[in-house]
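Data file: data_22.txt. Format and content: compact mmCIF, C-alpha atoms and all ligand atoms.
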```txt
# COMPACT_ATOMS: atom_id res chain seq x y z
CA MET P 1 101.37 82.64 116.10
CA GLU P 2 103.36 85.43 117.70
CA LEU P 3 103.56 88.81 116.01
CA ILE P 4 105.20 92.18 116.60
CA ILE P 5 103.44 95.46 115.81
CA ILE P 6 105.59 98.25 114.36
CA GLY P 7 104.23 101.59 115.58
CA ALA P 8 102.79 102.18 119.04
CA GLY P 9 100.77 105.32 118.25
CA GLY P 10 97.06 105.76 117.67
CA HIS P 11 97.00 103.56 114.57
CA GLY P 12 99.03 100.94 116.44
CA LYS P 13 96.30 100.78 119.08
CA VAL P 14 93.65 100.32 116.38
CA VAL P 15 95.65 97.54 114.75
CA LEU P 16 96.13 95.81 118.12
CA ASP P 17 92.37 95.97 118.64
CA VAL P 18 91.73 94.50 115.17
CA LEU P 19 94.25 91.70 115.77
CA ARG P 20 92.74 90.84 119.14
CA ALA P 21 89.22 90.77 117.70
CA ALA P 22 90.37 88.56 114.81
CA GLY P 23 92.21 86.19 117.14
CA LEU P 24 94.44 84.69 114.45
CA TYR P 25 97.77 86.00 115.76
CA LYS P 26 99.16 86.64 119.22
CA PRO P 27 100.60 90.19 119.41
CA VAL P 28 103.57 90.14 121.81
CA GLY P 29 104.59 93.80 121.78
CA PHE P 30 105.37 96.96 119.85
CA VAL P 31 108.46 98.37 118.21
CA ASP P 32 108.50 102.17 117.92
CA ALA P 33 111.10 104.65 116.69
CA ASP P 34 110.31 106.91 119.67
CA THR P 35 112.91 105.71 122.17
CA SER P 36 111.06 107.42 125.04
CA LEU P 37 108.35 104.76 124.67
CA ALA P 38 110.76 101.87 125.25
CA GLY P 39 109.86 100.01 128.43
CA THR P 40 106.33 101.44 128.58
CA GLU P 41 103.13 99.54 127.82
CA VAL P 42 100.52 100.21 125.16
CA GLY P 43 97.26 98.29 125.31
CA GLY P 44 98.80 96.00 127.92
CA LEU P 45 101.74 95.06 125.70
CA PRO P 46 105.38 96.16 126.10
CA VAL P 47 107.05 98.62 123.76
CA VAL P 48 110.29 96.70 123.35
CA GLY P 49 112.29 99.51 121.77
CA PRO P 50 113.21 101.01 118.39
CA VAL P 51 113.92 99.10 115.19
CA ASN P 52 117.36 97.98 116.31
CA THR P 53 115.55 95.51 118.58
CA LEU P 54 114.23 93.64 115.54
CA PRO P 55 117.17 91.22 115.14
CA ARG P 56 116.76 90.17 118.78
CA LEU P 57 113.04 89.54 118.20
CA ARG P 58 113.89 87.37 115.20
CA GLN P 59 116.31 85.40 117.38
CA GLN P 60 113.44 84.93 119.87
CA ARG P 61 111.53 83.32 117.00
CA VAL P 62 109.06 86.16 116.49
CA LYS P 63 108.79 85.96 112.73
CA ARG P 64 105.56 87.80 111.90
CA ALA P 65 104.98 91.54 111.88
CA ILE P 66 102.54 94.22 110.82
CA ILE P 67 103.38 97.88 110.26
CA ALA P 68 100.90 100.06 112.12
CA ILE P 69 102.19 103.48 111.08
CA GLY P 70 99.70 105.98 109.71
CA ASP P 71 102.14 107.89 107.51
CA ASN P 72 101.93 106.21 104.13
CA ARG P 73 105.49 106.54 102.92
CA THR P 74 106.92 105.57 106.30
CA ARG P 75 104.68 102.49 106.40
CA VAL P 76 105.88 101.38 102.96
CA ARG P 77 109.51 102.04 103.88
CA TYR P 78 109.22 99.95 107.06
CA ALA P 79 107.60 97.12 105.08
CA VAL P 80 110.78 96.89 102.99
CA LEU P 81 112.97 96.99 106.12
CA LEU P 82 110.99 94.28 107.92
CA ARG P 83 111.11 92.00 104.89
CA GLU P 84 114.86 92.52 104.63
CA GLN P 85 115.13 91.40 108.25
CA GLY P 86 113.26 88.20 107.47
CA PHE P 87 109.85 89.03 108.92
CA GLU P 88 106.67 87.76 107.31
CA LEU P 89 104.19 90.63 106.99
CA VAL P 90 100.60 89.71 107.79
CA ASN P 91 97.16 91.28 107.47
CA ALA P 92 94.79 92.47 110.20
CA ILE P 93 91.14 92.11 109.25
CA HIS P 94 88.45 92.87 111.79
CA PRO P 95 85.80 90.14 112.04
CA THR P 96 83.05 92.72 111.51
CA ALA P 97 84.60 93.84 108.20
CA SER P 98 83.05 92.42 105.05
CA VAL P 99 85.62 91.29 102.51
CA SER P 100 84.39 89.70 99.27
CA SER P 101 85.80 86.28 98.47
CA SER P 102 86.65 87.72 95.04
CA ALA P 103 88.67 90.63 96.49
CA VAL P 104 92.46 90.33 96.19
CA LEU P 105 94.59 91.51 99.09
CA GLY P 106 98.32 92.11 99.39
CA VAL P 107 100.20 91.81 102.68
CA ASN P 108 100.52 94.25 105.57
CA VAL P 109 96.92 95.24 104.87
CA VAL P 110 94.63 96.54 107.64
CA ILE P 111 90.86 96.37 107.27
CA ALA P 112 89.26 97.87 110.35
CA ALA P 113 85.87 97.29 111.98
CA GLN P 114 82.75 97.62 109.82
CA ALA P 115 84.69 98.30 106.63
CA ALA P 116 83.52 96.70 103.38
CA VAL P 117 85.76 95.57 100.53
CA CYS P 118 83.48 94.47 97.72
CA THR P 119 83.50 92.28 94.65
CA GLU P 120 86.81 92.04 92.78
CA ALA P 121 88.36 94.95 94.64
CA ARG P 122 92.16 94.81 94.68
CA LEU P 123 94.20 96.10 97.60
CA ALA P 124 97.98 96.16 97.24
CA ASP P 125 100.49 95.82 100.09
CA SER P 126 100.43 98.16 103.11
CA VAL P 127 96.93 99.51 102.43
CA ILE P 128 94.73 100.72 105.29
CA ILE P 129 90.96 100.53 104.89
CA ASN P 130 89.93 102.25 108.08
CA THR P 131 86.83 101.92 110.24
CA GLY P 132 83.55 101.84 108.36
CA ALA P 133 85.03 102.66 104.95
CA LEU P 134 83.50 101.24 101.76
CA VAL P 135 85.62 100.09 98.83
CA ASP P 136 83.11 99.11 96.18
CA HIS P 137 83.38 96.64 93.32
CA GLU P 138 86.52 96.51 91.18
CA CYS P 139 88.31 99.35 92.91
CA VAL P 140 92.09 99.18 92.53
CA ILE P 141 93.98 100.50 95.54
CA ALA P 142 97.74 100.81 95.16
CA GLU P 143 100.49 100.20 97.69
CA GLY P 144 100.54 102.32 100.84
CA VAL P 145 97.15 103.99 100.40
CA HIS P 146 95.19 105.04 103.49
CA VAL P 147 91.41 105.13 103.11
CA ALA P 148 90.28 106.94 106.28
CA PRO P 149 87.18 106.11 108.35
CA GLY P 150 83.81 106.46 106.69
CA VAL P 151 85.11 107.01 103.15
CA CYS P 152 82.99 105.70 100.27
CA LEU P 153 84.77 104.73 97.07
CA ALA P 154 82.24 103.86 94.37
CA GLY P 155 82.90 101.10 91.85
CA ARG P 156 86.07 101.00 89.76
CA VAL P 157 87.81 103.87 91.51
CA ARG P 158 91.61 103.69 91.18
CA VAL P 159 93.79 105.14 93.91
CA GLY P 160 97.52 105.62 93.31
CA THR P 161 100.46 104.72 95.52
CA CYS P 162 100.51 106.31 98.99
CA ALA P 163 97.47 108.52 98.37
CA PHE P 164 95.42 109.55 101.40
CA ILE P 165 91.61 109.70 101.27
CA GLY P 166 90.43 111.83 104.22
CA ILE P 167 87.71 110.92 106.64
CA GLY P 168 84.19 110.79 105.24
CA ALA P 169 85.13 111.60 101.63
CA ASN P 170 82.97 110.25 98.80
CA LEU P 171 84.29 109.43 95.33
CA ILE P 172 82.03 108.66 92.40
CA GLN P 173 82.63 105.65 90.19
CA CYS P 174 85.51 105.07 87.78
CA LEU P 175 87.67 107.99 88.98
CA SER P 176 91.43 108.01 89.38
CA VAL P 177 93.25 109.56 92.30
CA GLY P 178 96.94 110.01 91.51
CA GLU P 179 99.84 108.75 93.58
CA HIS P 180 100.56 110.68 96.78
CA ALA P 181 97.40 112.78 96.34
CA THR P 182 95.41 113.93 99.36
CA ILE P 183 91.63 114.12 99.48
CA GLY P 184 90.32 116.34 102.29
CA ALA P 185 87.87 115.28 104.95
CA GLY P 186 84.29 115.26 103.70
CA ALA P 187 85.15 115.93 100.05
CA ALA P 188 82.87 114.86 97.21
CA VAL P 189 85.22 113.89 94.39
CA ILE P 190 83.59 113.92 90.96
CA GLU P 191 86.61 114.16 88.67
CA ASP P 192 90.10 112.66 88.48
CA ILE P 193 92.65 114.08 90.93
CA PRO P 194 96.26 114.41 89.74
CA ALA P 195 99.25 112.90 91.51
CA TYR P 196 100.57 114.92 94.48
CA ALA P 197 97.54 117.23 94.48
CA THR P 198 95.37 118.12 97.49
CA ALA P 199 91.64 118.38 96.75
CA VAL P 200 88.94 119.51 99.19
CA GLY P 201 85.28 120.48 99.26
CA VAL P 202 81.96 119.61 97.69
CA PRO P 203 82.51 119.20 94.83
CA ALA P 204 86.22 118.70 95.41
CA ARG P 205 88.62 121.24 93.92
CA VAL P 206 92.40 121.04 93.79
CA ILE P 207 93.86 123.58 96.25
CA LYS P 208 97.49 122.46 96.12
CA THR P 209 99.69 120.81 93.57
CA GLY P 210 103.11 119.40 94.15
CA GLY P 211 105.72 116.87 93.30
CA PRO P 212 107.96 114.36 94.97
CA ASP P 213 110.34 117.01 96.29
CA LYS P 214 107.91 119.11 98.35
CA HIS P 215 105.32 116.51 99.09
CA GLU P 216 103.82 115.32 102.34
CA ASN P 217 100.33 114.06 103.05
CA PRO P 218 98.58 113.67 106.38
CA SER P 219 98.90 110.41 108.19
CA GLY P 220 95.89 110.16 110.44
C1 LIG Q 301 92.83 118.49 103.24
C2 LIG Q 301 93.78 118.70 104.39
C3 LIG Q 301 94.86 117.61 104.36
C4 LIG Q 301 94.39 120.07 104.14
O1 LIG Q 301 95.40 120.32 105.04
P1 LIG Q 301 96.42 121.51 104.74
O2 LIG Q 301 97.22 121.17 103.51
O3 LIG Q 301 97.17 121.75 106.00
O4 LIG Q 301 95.49 122.71 104.31
P2 LIG Q 301 95.07 124.02 105.14
O5 LIG Q 301 94.63 123.63 106.51
O6 LIG Q 301 96.19 124.99 105.00
O7 LIG Q 301 93.80 124.54 104.35
C5 LIG Q 301 93.90 125.13 103.08
C6 LIG Q 301 92.52 125.64 102.69
O8 LIG Q 301 91.67 124.50 102.45
C7 LIG Q 301 90.54 124.53 103.33
N1 LIG Q 301 90.30 123.15 103.74
C8 LIG Q 301 91.19 122.33 104.37
N2 LIG Q 301 90.64 121.12 104.55
C9 LIG Q 301 89.40 121.18 104.04
C10 LIG Q 301 88.36 120.22 103.94
N3 LIG Q 301 88.52 118.97 104.40
N4 LIG Q 301 87.23 120.60 103.33
C11 LIG Q 301 87.06 121.87 102.85
N5 LIG Q 301 88.02 122.81 102.93
C12 LIG Q 301 89.17 122.47 103.52
C13 LIG Q 301 90.95 125.43 104.48
O9 LIG Q 301 89.82 125.98 105.11
C14 LIG Q 301 91.81 126.43 103.78
O10 LIG Q 301 90.97 127.36 103.12
P3 LIG Q 301 91.39 128.91 102.96
O11 LIG Q 301 92.63 128.92 102.13
O12 LIG Q 301 90.21 129.50 102.27
O13 LIG Q 301 91.60 129.41 104.35
C15 LIG Q 301 93.09 118.61 105.77
O14 LIG Q 301 92.36 119.77 106.07
C16 LIG Q 301 92.15 117.40 105.86
O15 LIG Q 301 90.98 117.45 105.46
N6 LIG Q 301 92.69 116.31 106.40
C17 LIG Q 301 91.98 115.06 106.54
C18 LIG Q 301 92.18 114.53 107.96
C19 LIG Q 301 91.61 113.16 108.13
O16 LIG Q 301 90.89 112.64 107.32
N7 LIG Q 301 91.97 112.53 109.22
C20 LIG Q 301 91.55 111.17 109.49
C21 LIG Q 301 92.74 110.34 109.83
S1 LIG Q 301 92.32 108.67 110.15
```
Just give me the structure of the file as structure tokens.
Amino acid sequence: MELIIIGAGGHGKVVLDVLRAAGLYKPVGFVDADTSLAGTEVGGLPVVGPVNTLPRLRQQRVKRAIIAIGDNRTRVRYAVLLREQGFELVNAIHPTASVSSSAVLGVNVVIAAQAAVCTEARLADSVIINTGALVDHECVIAEGVHVAPGVCLAGRVRVGTCAFIGIGANLIQCLSVGEHATIGAGAAVIEDIPAYATAVGVPARVIKTGGPDKHENPSG
């Protein structure tokens, strides 16, 4: 089953690796907005060009895709675009990841090597659970969230749309992280974090607040 990967950067390479290890789909190339990459190879596959090459790929009967873009909002935006163009979005789950049979997954979800998604966890569309991260029982992870490598989310944590949980952060049980919030690398989160806020440290403290107009979070 042939598949195109959208995004030929660092996360694109990780996703290619996950797809190859899983062996379910046959990646045939990358699409990337950076036109200077067109005609080059990444991981032994061609970068076919920017998004205006998508209709041609559909004509060539490539009908599956995965969005491998680290920036959360961009990933969600591309998911809409690819669906509009008739692509079926698929998941990439590394065979060394542990995913409970009672977990519920959306589409365009990436679960990288050694990650664990536990009992009754729910992951919406376009979520990244990166290498070695733990999403414990009954967590609810909204669309476009990136859980970076080595993060531990204890049971029943809720993470809002497009939030970013930085590498190695730990969150105690039953907390809420608001939409578009950013949790810094290595943080220990012991209380709810508001939408659009940035929280860092042990214990984590909010260092920035914001709103939709001035917001950006890191992509990884
Ligand atoms: C939290 C983070 C996004 C903040 O970035 P930023 O908004 O550019 O913030 P700044 O670098 O201006 O730092 C602001 C203050 O917070 C401190 N700070 C930043 N990140 C911190 C962290 N992870 N832990 C503790 N303190 C941190 C800075 O030292 C600085 O303190 P000061 O005001 O006393 O000098 C970033 O530092 C971070 O941790 N990113 C996570 C990266 C990651 O997980 N990558 C993996 C991708 S897969």
- Leaving out stretch 55-58 of chain P and any residue of its chain fewer than 2 positions from it, which residues lie within 8 Å of it when counting all atoms listed in the file, given as a list in words? Asn52, Thr53, Gln60, Arg61, Val62, Lys63, Gln85, Gly86 and Phe87 of chain P
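Interatomic distance, atom C1 of ligand LIG 301 (chain Q) to atom CA of P:Val189: 12.5 Å.
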- Near P:Ala124, counting only C-alpha atoms, which residues have an atom at most 8 Å away, once you skip same-chain residues fewer than 6 positions from it, shown as a count of residues only? 8
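Take atom CA of P:Ser176 and atom CA of P:Val159: the distance between them is 5.9 Å.
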- Could I get the residue neighbourhood of ligand LIG 301 (chain Q) at 8 Å, counting only C-alpha atoms and all ligand atoms, as number ranges by chain? P: 70, 130, 147-149, 165-168, 182-187, 198-202, 207-208, 217-220
- Message: as a VMD selection string, please: the residues near P:Ser100 (cut-off 7 Å, all atoms listed in the file, same-chain neighbours under 4 positions excluded).
- Response: chain P and resid 117 to 119
- Message: Report, in Å with one decimal, the straight-line distance from atom CA of P:Thr131 to atom CA of P:Ile93.
- Response: 10.8 Å
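For the choices P:Ala33, P:Ile6, P:Ala92, P:Lys13, the atom-to-atom distance to P:Ala79 is smallest for P:Ile6 when using all atoms listed in the file.
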